[in-house]
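K.L.:
Below is the file my_file.cif, with mmCIF, C-alpha atoms, pLDDT in the B column; chains and numbers go by the auth columns.
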```
data_protein
#
loop_
_atom_site.group_PDB
_atom_site.id
_atom_site.type_symbol
_atom_site.label_atom_id
_atom_site.label_comp_id
_atom_site.label_asym_id
_atom_site.label_seq_id
_atom_site.Cartn_x
_atom_site.Cartn_y
_atom_site.Cartn_z
_atom_site.B_iso_or_equiv
_atom_site.auth_seq_id
_atom_site.auth_asym_id
ATOM 1 C CA MET A 1 207.474 7.045 9.448 87.00 7 A
ATOM 2 C CA ARG A 2 207.041 5.627 12.936 97.00 8 A
ATOM 3 C CA ARG A 3 204.097 7.330 14.595 98.00 9 A
ATOM 4 C CA ALA A 4 201.687 6.807 17.466 98.00 10 A
ATOM 5 C CA ARG A 5 198.572 8.435 18.848 98.00 11 A
ATOM 6 C CA MET A 6 197.583 7.900 22.457 97.00 12 A
ATOM 7 C CA HIS A 7 194.632 8.884 24.617 98.00 13 A
ATOM 8 C CA ARG A 8 195.042 8.178 28.313 97.00 14 A
ATOM 9 C CA LYS A 9 192.005 9.065 30.392 97.00 15 A
ATOM 10 C CA THR A 10 191.669 8.401 34.108 96.00 16 A
ATOM 11 C CA ASN A 11 189.655 10.015 36.901 96.00 17 A
ATOM 12 C CA GLU A 12 192.680 12.266 37.484 97.00 18 A
ATOM 13 C CA THR A 13 193.990 13.110 34.000 98.00 19 A
ATOM 14 C CA ASP A 14 192.975 13.313 30.353 98.00 20 A
ATOM 15 C CA ILE A 15 195.993 13.155 28.030 98.00 21 A
ATOM 16 C CA LYS A 16 196.037 13.176 24.239 98.00 22 A
ATOM 17 C CA LEU A 17 199.248 12.971 22.272 98.00 23 A
ATOM 18 C CA ALA A 18 200.561 12.414 18.771 98.00 24 A
ATOM 19 C CA LEU A 19 204.208 11.399 18.311 98.00 25 A
ATOM 20 C CA THR A 20 206.362 11.095 15.210 98.00 26 A
ATOM 21 C CA ILE A 21 209.805 9.615 15.854 98.00 27 A
ATOM 22 C CA GLU A 22 211.294 10.809 12.542 97.00 28 A
ATOM 23 C CA GLY A 23 210.139 14.380 13.054 97.00 29 A
ATOM 24 C CA GLN A 24 211.543 17.855 12.695 97.00 30 A
ATOM 25 C CA GLY A 25 211.532 18.928 16.329 98.00 31 A
ATOM 26 C CA ARG A 26 208.073 20.468 16.106 98.00 32 A
ATOM 27 C CA TYR A 27 205.919 20.664 19.217 98.00 33 A
ATOM 28 C CA LYS A 28 202.613 21.848 20.561 98.00 34 A
ATOM 29 C CA VAL A 29 202.549 21.091 24.276 98.00 35 A
ATOM 30 C CA SER A 30 200.164 22.103 27.038 98.00 36 A
ATOM 31 C CA THR A 31 200.119 20.497 30.495 98.00 37 A
ATOM 32 C CA GLY A 32 199.169 23.441 32.702 98.00 38 A
ATOM 33 C CA ILE A 33 202.698 23.435 34.193 98.00 39 A
ATOM 34 C CA ARG A 34 204.809 25.882 32.231 98.00 40 A
ATOM 35 C CA PHE A 35 208.273 24.634 33.269 98.00 41 A
ATOM 36 C CA PHE A 36 207.209 21.076 32.434 98.00 42 A
ATOM 37 C CA ASP A 37 205.965 22.291 29.036 98.00 43 A
ATOM 38 C CA HIS A 38 209.369 23.887 28.447 98.00 44 A
ATOM 39 C CA MET A 39 211.160 20.607 29.263 98.00 45 A
ATOM 40 C CA LEU A 40 208.892 18.645 26.892 98.00 46 A
ATOM 41 C CA GLU A 41 209.423 21.242 24.158 98.00 47 A
ATOM 42 C CA LEU A 42 213.208 21.078 24.358 98.00 48 A
ATOM 43 C CA PHE A 43 213.016 17.279 24.651 98.00 49 A
ATOM 44 C CA THR A 44 211.123 17.244 21.347 98.00 50 A
ATOM 45 C CA ARG A 45 213.529 19.620 19.644 98.00 51 A
ATOM 46 C CA HIS A 46 216.696 17.840 20.810 98.00 52 A
ATOM 47 C CA GLY A 47 215.284 14.415 19.934 98.00 53 A
ATOM 48 C CA GLY A 48 214.193 15.525 16.473 98.00 54 A
ATOM 49 C CA PHE A 49 210.705 14.203 17.233 98.00 55 A
ATOM 50 C CA ASP A 50 207.336 15.814 16.534 98.00 56 A
ATOM 51 C CA LEU A 51 204.990 15.956 19.506 98.00 57 A
ATOM 52 C CA GLU A 52 201.507 17.271 20.055 98.00 58 A
ATOM 53 C CA LEU A 53 200.445 16.811 23.660 98.00 59 A
ATOM 54 C CA SER A 54 197.591 18.181 25.715 98.00 60 A
ATOM 55 C CA ALA A 55 197.133 17.163 29.332 98.00 61 A
ATOM 56 C CA ASN A 56 194.311 18.191 31.603 98.00 62 A
ATOM 57 C CA GLY A 57 194.879 17.023 35.141 97.00 63 A
ATOM 58 C CA ASP A 58 193.727 17.652 38.682 97.00 64 A
ATOM 59 C CA LEU A 59 196.312 20.379 39.289 97.00 65 A
ATOM 60 C CA ASP A 60 194.062 21.729 42.053 96.00 66 A
ATOM 61 C CA VAL A 61 195.024 18.581 43.987 95.00 67 A
ATOM 62 C CA ASP A 62 198.699 18.318 43.010 95.00 68 A
ATOM 63 C CA GLN A 63 200.945 18.117 39.934 98.00 69 A
ATOM 64 C CA HIS A 64 201.840 14.468 40.528 98.00 70 A
ATOM 65 C CA HIS A 65 199.086 12.786 38.497 98.00 71 A
ATOM 66 C CA THR A 66 199.653 15.039 35.471 98.00 72 A
ATOM 67 C CA VAL A 67 203.432 14.683 35.389 98.00 73 A
ATOM 68 C CA GLU A 68 203.493 10.923 36.003 98.00 74 A
ATOM 69 C CA ASP A 69 200.672 10.186 33.546 98.00 75 A
ATOM 70 C CA VAL A 70 202.311 12.274 30.821 98.00 76 A
ATOM 71 C CA GLY A 71 205.443 10.159 31.342 98.00 77 A
ATOM 72 C CA ILE A 72 203.442 6.925 31.080 98.00 78 A
ATOM 73 C CA ALA A 73 201.552 8.069 27.965 98.00 79 A
ATOM 74 C CA LEU A 74 204.730 9.285 26.249 98.00 80 A
ATOM 75 C CA GLY A 75 206.494 6.007 27.042 98.00 81 A
ATOM 76 C CA GLU A 76 203.538 4.037 25.673 98.00 82 A
ATOM 77 C CA ALA A 77 203.625 6.157 22.515 98.00 83 A
ATOM 78 C CA PHE A 78 207.304 5.339 21.917 98.00 84 A
ATOM 79 C CA ASP A 79 206.647 1.656 22.583 98.00 85 A
ATOM 80 C CA LYS A 80 203.764 1.658 20.084 98.00 86 A
ATOM 81 C CA ALA A 81 205.628 3.682 17.438 98.00 87 A
ATOM 82 C CA LEU A 82 208.664 1.375 17.614 96.00 88 A
ATOM 83 C CA GLY A 83 206.477 -1.639 16.858 94.00 89 A
ATOM 84 C CA ASP A 84 208.391 -4.939 16.946 91.00 90 A
ATOM 85 C CA LYS A 85 211.688 -3.032 17.436 92.00 91 A
ATOM 86 C CA LYS A 86 213.468 -4.964 14.679 90.00 92 A
ATOM 87 C CA GLY A 87 216.530 -3.166 13.361 90.00 93 A
ATOM 88 C CA ILE A 88 216.707 -0.460 16.042 93.00 94 A
ATOM 89 C CA ASN A 89 219.802 0.303 18.079 94.00 95 A
ATOM 90 C CA ARG A 90 217.730 -0.484 21.192 95.00 96 A
ATOM 91 C CA ALA A 91 220.076 1.363 23.556 97.00 97 A
ATOM 92 C CA GLY A 92 221.527 4.856 23.591 98.00 98 A
ATOM 93 C CA TYR A 93 223.361 7.218 25.898 98.00 99 A
ATOM 94 C CA PHE A 94 224.376 10.868 25.883 98.00 100 A
ATOM 95 C CA LEU A 95 226.353 13.330 28.007 98.00 101 A
ATOM 96 C CA MET A 96 224.841 16.821 27.850 98.00 102 A
ATOM 97 C CA PRO A 97 226.677 19.942 29.012 98.00 103 A
ATOM 98 C CA MET A 98 224.356 22.760 30.079 96.00 104 A
ATOM 99 C CA ASP A 99 226.637 25.632 31.000 97.00 105 A
ATOM 100 C CA GLU A 100 228.109 24.665 34.408 98.00 106 A
ATOM 101 C CA THR A 101 226.063 21.457 34.584 98.00 107 A
ATOM 102 C CA LEU A 102 226.676 18.026 33.062 98.00 108 A
ATOM 103 C CA GLY A 103 223.814 15.568 32.625 98.00 109 A
ATOM 104 C CA LEU A 104 224.050 11.872 31.724 98.00 110 A
ATOM 105 C CA ALA A 105 221.268 9.758 30.200 98.00 111 A
ATOM 106 C CA ALA A 106 221.134 6.128 29.118 98.00 112 A
ATOM 107 C CA ILE A 107 218.140 4.144 27.858 98.00 113 A
ATOM 108 C CA ASP A 108 217.516 0.560 26.780 98.00 114 A
ATOM 109 C CA PHE A 109 214.282 -0.633 25.147 97.00 115 A
ATOM 110 C CA GLY A 110 214.945 -4.115 26.498 93.00 116 A
ATOM 111 C CA GLY A 111 211.366 -4.908 27.504 94.00 117 A
ATOM 112 C CA ARG A 112 211.986 -4.646 31.252 94.00 118 A
ATOM 113 C CA THR A 113 211.207 -1.612 33.372 97.00 119 A
ATOM 114 C CA SER A 114 213.738 0.130 35.557 98.00 120 A
ATOM 115 C CA ALA A 115 214.371 3.788 36.357 98.00 121 A
ATOM 116 C CA VAL A 116 217.320 5.186 38.290 98.00 122 A
ATOM 117 C CA ILE A 117 217.213 8.975 38.542 98.00 123 A
ATOM 118 C CA ASP A 118 219.546 11.359 40.395 98.00 124 A
ATOM 119 C CA THR A 119 218.775 15.003 39.626 98.00 125 A
ATOM 120 C CA LYS A 120 220.777 16.479 42.519 98.00 126 A
ATOM 121 C CA VAL A 121 217.978 19.065 42.793 98.00 127 A
ATOM 122 C CA ARG A 122 217.281 19.886 46.426 94.00 128 A
ATOM 123 C CA THR A 123 214.717 22.689 46.067 97.00 129 A
ATOM 124 C CA ARG A 124 210.957 22.084 46.179 97.00 130 A
ATOM 125 C CA LEU A 125 210.175 24.064 43.033 98.00 131 A
ATOM 126 C CA VAL A 126 212.004 24.834 39.808 98.00 132 A
ATOM 127 C CA GLY A 127 209.903 27.383 38.011 97.00 133 A
ATOM 128 C CA ASP A 128 206.360 26.198 38.695 98.00 134 A
ATOM 129 C CA LEU A 129 207.281 22.479 38.660 98.00 135 A
ATOM 130 C CA GLN A 130 207.514 20.403 41.842 98.00 136 A
ATOM 131 C CA SER A 131 211.078 19.190 41.308 98.00 137 A
ATOM 132 C CA GLU A 132 210.610 15.758 42.917 97.00 138 A
ATOM 133 C CA LEU A 133 208.210 14.913 40.066 98.00 139 A
ATOM 134 C CA VAL A 134 211.036 14.804 37.523 98.00 140 A
ATOM 135 C CA HIS A 135 211.732 11.333 38.905 98.00 141 A
ATOM 136 C CA ASP A 136 208.059 10.370 38.551 98.00 142 A
ATOM 137 C CA PHE A 137 207.972 11.515 34.916 98.00 143 A
ATOM 138 C CA PHE A 138 210.958 9.401 33.904 98.00 144 A
ATOM 139 C CA GLU A 139 209.799 6.435 35.985 98.00 145 A
ATOM 140 C CA GLY A 140 206.415 6.681 34.255 98.00 146 A
ATOM 141 C CA PHE A 141 208.133 6.828 30.874 98.00 147 A
ATOM 142 C CA ALA A 142 210.171 3.712 31.698 98.00 148 A
ATOM 143 C CA ARG A 143 206.991 1.872 32.698 98.00 149 A
ATOM 144 C CA GLY A 144 205.079 2.929 29.576 98.00 150 A
ATOM 145 C CA ALA A 145 207.973 2.225 27.198 98.00 151 A
ATOM 146 C CA ARG A 146 209.036 -1.009 28.944 97.00 152 A
ATOM 147 C CA ALA A 147 212.537 0.429 29.112 98.00 153 A
ATOM 148 C CA ASN A 148 215.488 0.987 31.402 98.00 154 A
ATOM 149 C CA VAL A 149 216.030 4.699 32.019 98.00 155 A
ATOM 150 C CA HIS A 150 219.109 5.959 33.859 98.00 156 A
ATOM 151 C CA LEU A 151 219.648 9.687 34.411 98.00 157 A
ATOM 152 C CA LYS A 152 222.196 11.457 36.541 98.00 158 A
ATOM 153 C CA THR A 153 223.283 15.027 37.048 98.00 159 A
ATOM 154 C CA MET A 154 227.043 14.681 37.331 98.00 160 A
ATOM 155 C CA TYR A 155 227.476 18.173 38.772 98.00 161 A
ATOM 156 C CA GLY A 156 226.029 21.648 38.486 98.00 162 A
ATOM 157 C CA ARG A 157 224.921 24.759 40.333 98.00 163 A
ATOM 158 C CA SER A 158 221.635 25.859 38.733 98.00 164 A
ATOM 159 C CA ASN A 159 218.643 23.640 39.489 98.00 165 A
ATOM 160 C CA HIS A 160 217.058 24.792 36.223 98.00 166 A
ATOM 161 C CA HIS A 161 220.161 23.638 34.334 98.00 167 A
ATOM 162 C CA LYS A 162 220.251 20.289 36.184 98.00 168 A
ATOM 163 C CA ILE A 163 216.756 19.377 35.039 98.00 169 A
ATOM 164 C CA GLU A 164 217.215 20.831 31.562 98.00 170 A
ATOM 165 C CA ALA A 165 220.482 18.937 31.015 98.00 171 A
ATOM 166 C CA LEU A 166 218.720 15.675 31.892 98.00 172 A
ATOM 167 C CA PHE A 167 215.801 16.274 29.517 98.00 173 A
ATOM 168 C CA LYS A 168 218.180 17.191 26.677 98.00 174 A
ATOM 169 C CA ALA A 169 220.489 14.240 27.347 98.00 175 A
ATOM 170 C CA PHE A 170 217.470 11.934 27.529 98.00 176 A
ATOM 171 C CA ALA A 171 216.132 13.191 24.198 98.00 177 A
ATOM 172 C CA ARG A 172 219.444 12.596 22.450 98.00 178 A
ATOM 173 C CA ALA A 173 219.946 9.164 24.043 98.00 179 A
ATOM 174 C CA LEU A 174 216.411 8.252 23.008 98.00 180 A
ATOM 175 C CA ARG A 175 217.073 9.389 19.450 98.00 181 A
ATOM 176 C CA VAL A 176 220.053 7.007 19.249 97.00 182 A
ATOM 177 C CA ALA A 177 218.113 4.111 20.821 97.00 183 A
ATOM 178 C CA CYS A 178 215.214 4.562 18.358 97.00 184 A
ATOM 179 C CA SER A 179 217.463 4.900 15.309 95.00 185 A
ATOM 180 C CA ARG A 180 217.550 2.122 12.755 92.00 186 A
ATOM 181 C CA ASP A 181 220.835 0.295 12.320 85.00 187 A
ATOM 182 C CA LYS A 182 221.423 -0.812 8.706 83.00 188 A
ATOM 183 C CA GLN A 183 223.640 -3.658 9.846 80.00 189 A
ATOM 184 C CA LEU A 184 220.910 -4.996 12.150 74.00 190 A
ATOM 185 C CA ALA A 185 218.285 -4.501 9.400 73.00 191 A
ATOM 186 C CA GLU A 186 215.409 -6.850 10.274 75.00 192 A
ATOM 187 C CA MET A 187 217.224 -8.475 13.187 73.00 193 A
ATOM 188 C CA LEU A 188 215.718 -8.157 16.656 72.00 194 A
ATOM 189 C CA PRO A 189 218.428 -6.741 18.956 72.00 195 A
ATOM 190 C CA SER A 190 218.043 -9.504 21.536 70.00 196 A
ATOM 191 C CA THR A 191 219.081 -13.129 21.918 69.00 197 A
ATOM 192 C CA LYS A 192 215.825 -13.864 23.786 71.00 198 A
ATOM 193 C CA GLY A 193 213.745 -13.579 20.628 69.00 199 A
ATOM 194 C CA LEU A 194 211.490 -10.795 21.891 66.00 200 A
ATOM 195 C CA LEU A 195 211.627 -7.362 23.464 69.00 201 A
#
```
Could you write out this structure as structure tokens?

P.N.:
Amino acid sequence: MRRARMHRKTNETDIKLALTIEGQGRYKVSTGIRFFDHMLELFTRHGGFDLELSANGDLDVDQHHTVEDVGIALGEAFDKALGDKKGINRAGYFLMPMDETLGLAAIDFGGRTSAVIDTKVRTRLVGDLQSELVHDFFEGFARGARANVHLKTMYGRSNHHKIEALFKAFARALRVACSRDKQLAEMLPSTKGLL
């Protein structure tokens, strides 16, 4: 079982999390931002992970620190749980329909950080979440996981569905990228010799 525990404490946030990659979709999440909690819950369920996460941040200032730092801590947890990354698929992608919306996600645990995010959300808030912070969450994840993260809403009407489709697609792409490949076995999926 690939697992990780993280505690990220700064002057702005205090985040504790426990992650199991080969989980059963169980979650206990509390960030103080209910829509964000909902996205992390469905991310956990669709990825088949187990996640316990509590985040206390300076929400009286803004949501930015909490959302970004949760992304960083979650990315670091995946990086730690994957260990040397031998035998994993390394990359994964998924197209997720969410009613009238279609979301695309692709990830590569290649050791380099890059995040390209296009939510097509043009409203300030979706639920109680500042919608621009979706980008910051995934960028933080990419930084913490040392991964490439590409997400795009292909089309859609509902802003709720646009964000939800991306979180679900990301979870399923991540599940593929983390999965062990019997053919690769103990091989590192890179010609460079390290990830």

K.L.:
Using the chain letters and numbers from this file, what does the PyMOL selection byres ((chain A and resi 143) around 6) select? Give the answer as a list in words.

P.N.:
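Taken over the shown coordinates, the PyMOL selection byres ((chain A and resi 143) around 6) returns Val73, Glu74, Gly77, Val140, His141, Asp142, Phe144, Glu145 and Gly146 of chain A.
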
K.L.:
Do you know which residues the PyMOL selection byres ((chain A and resi 92) around 10) returns on this file, as a list in words?

P.N.:
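Output from the PyMOL selection byres ((chain A and resi 92) around 10), applied to this file: Leu88, Gly89, Asp90, Lys91, Gly93, Ile94, Asn95, Arg96, Arg186, Asp187, Leu190, Ala191, Glu192, Met193, Leu194, Pro195, Ser196, Leu200 and Leu201 of chain A.
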
K.L.:
Please, what distance in Å, to one decimal, runs between CA of Met102 (chain A) and CA of Arg178 (chain A)?

P.N.:
8.7 Å

K.L.:
Decode the PyMOL selection byres ((chain A and resi 24) around 8) for the given file into explicit residues and return them as a PyMOL selection string.

P.N.:
chain A and resi 9-12+22-23+25-26+56-59+83

K.L.:
Measuring atom to atom with all atoms listed in the file, identify which of A:Arg40, A:His13, A:Arg152, A:Arg181 is nearest to Asp75 (chain A).

P.N.:
A:His13

K.L.:
In the coordinate frame of the file, compute which residues have an atom within 10 Å of (194.8, 19.0, 28.8) when using all atoms listed in the file, and state them as number ranges by chain.

P.N.:
A: 19-23, 35-38, 59-63, 72

K.L.:
So how far away is CA of Val76 (chain A) from CA of Gly109 (chain A), in Å?

P.N.:
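CA of Val76 (chain A) lies 21.8 Å from CA of Gly109 (chain A).
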
K.L.:
Point out the residue among A:Ile113, A:Leu139, A:Ala183, A:Leu80 with the least atom-to-atom distance to Leu46 (chain A), counting all atoms listed in the file.

P.N.:
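Among the listed residues, A:Leu80 lies closest to Leu46 (chain A).
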
K.L.:
Using all atoms listed in the file, list the residues that have an atom at most 9 Å from (209.1, 22.7, 22.7), coordinates as in the file, as a list in words.

P.N.:
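Selection result: Gly31, Arg32, Tyr33, Lys34, Val35, Asp43, His44, Met45, Leu46, Glu47, Leu48, Phe49, Thr50, Arg51 and Leu57 of chain A.
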
K.L.:
List the spatial neighbours of Phe41 (chain A) as a PyMOL selection string - criterion: any atom at most 8 Å away, all atoms listed in the file, same-chain residues fewer than 5 positions off excluded.

P.N.:
chain A and resi 132-135

K.L.:
Could you please take those selected residues and save C-alpha atoms as a JSON list (two decimals), in the coordinates of the input?

P.N.:
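Here's the written file part-v2.json:
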```json
[["chain", "number", "residue", "atom", "x", "y", "z"],
["A", 132, "VAL", "CA", 212.00, 24.83, 39.81],
["A", 133, "GLY", "CA", 209.90, 27.38, 38.01],
["A", 134, "ASP", "CA", 206.36, 26.20, 38.70],
["A", 135, "LEU", "CA", 207.28, 22.48, 38.66]]
```

K.L.:
From the list A:Met104, A:Ala111, A:Ile27, A:Ala121, which residue is nearest Arg149 (chain A) when using only C-alpha atoms?

P.N.:
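Residue with the minimum atom-to-atom distance to Arg149 (chain A): A:Ala121.
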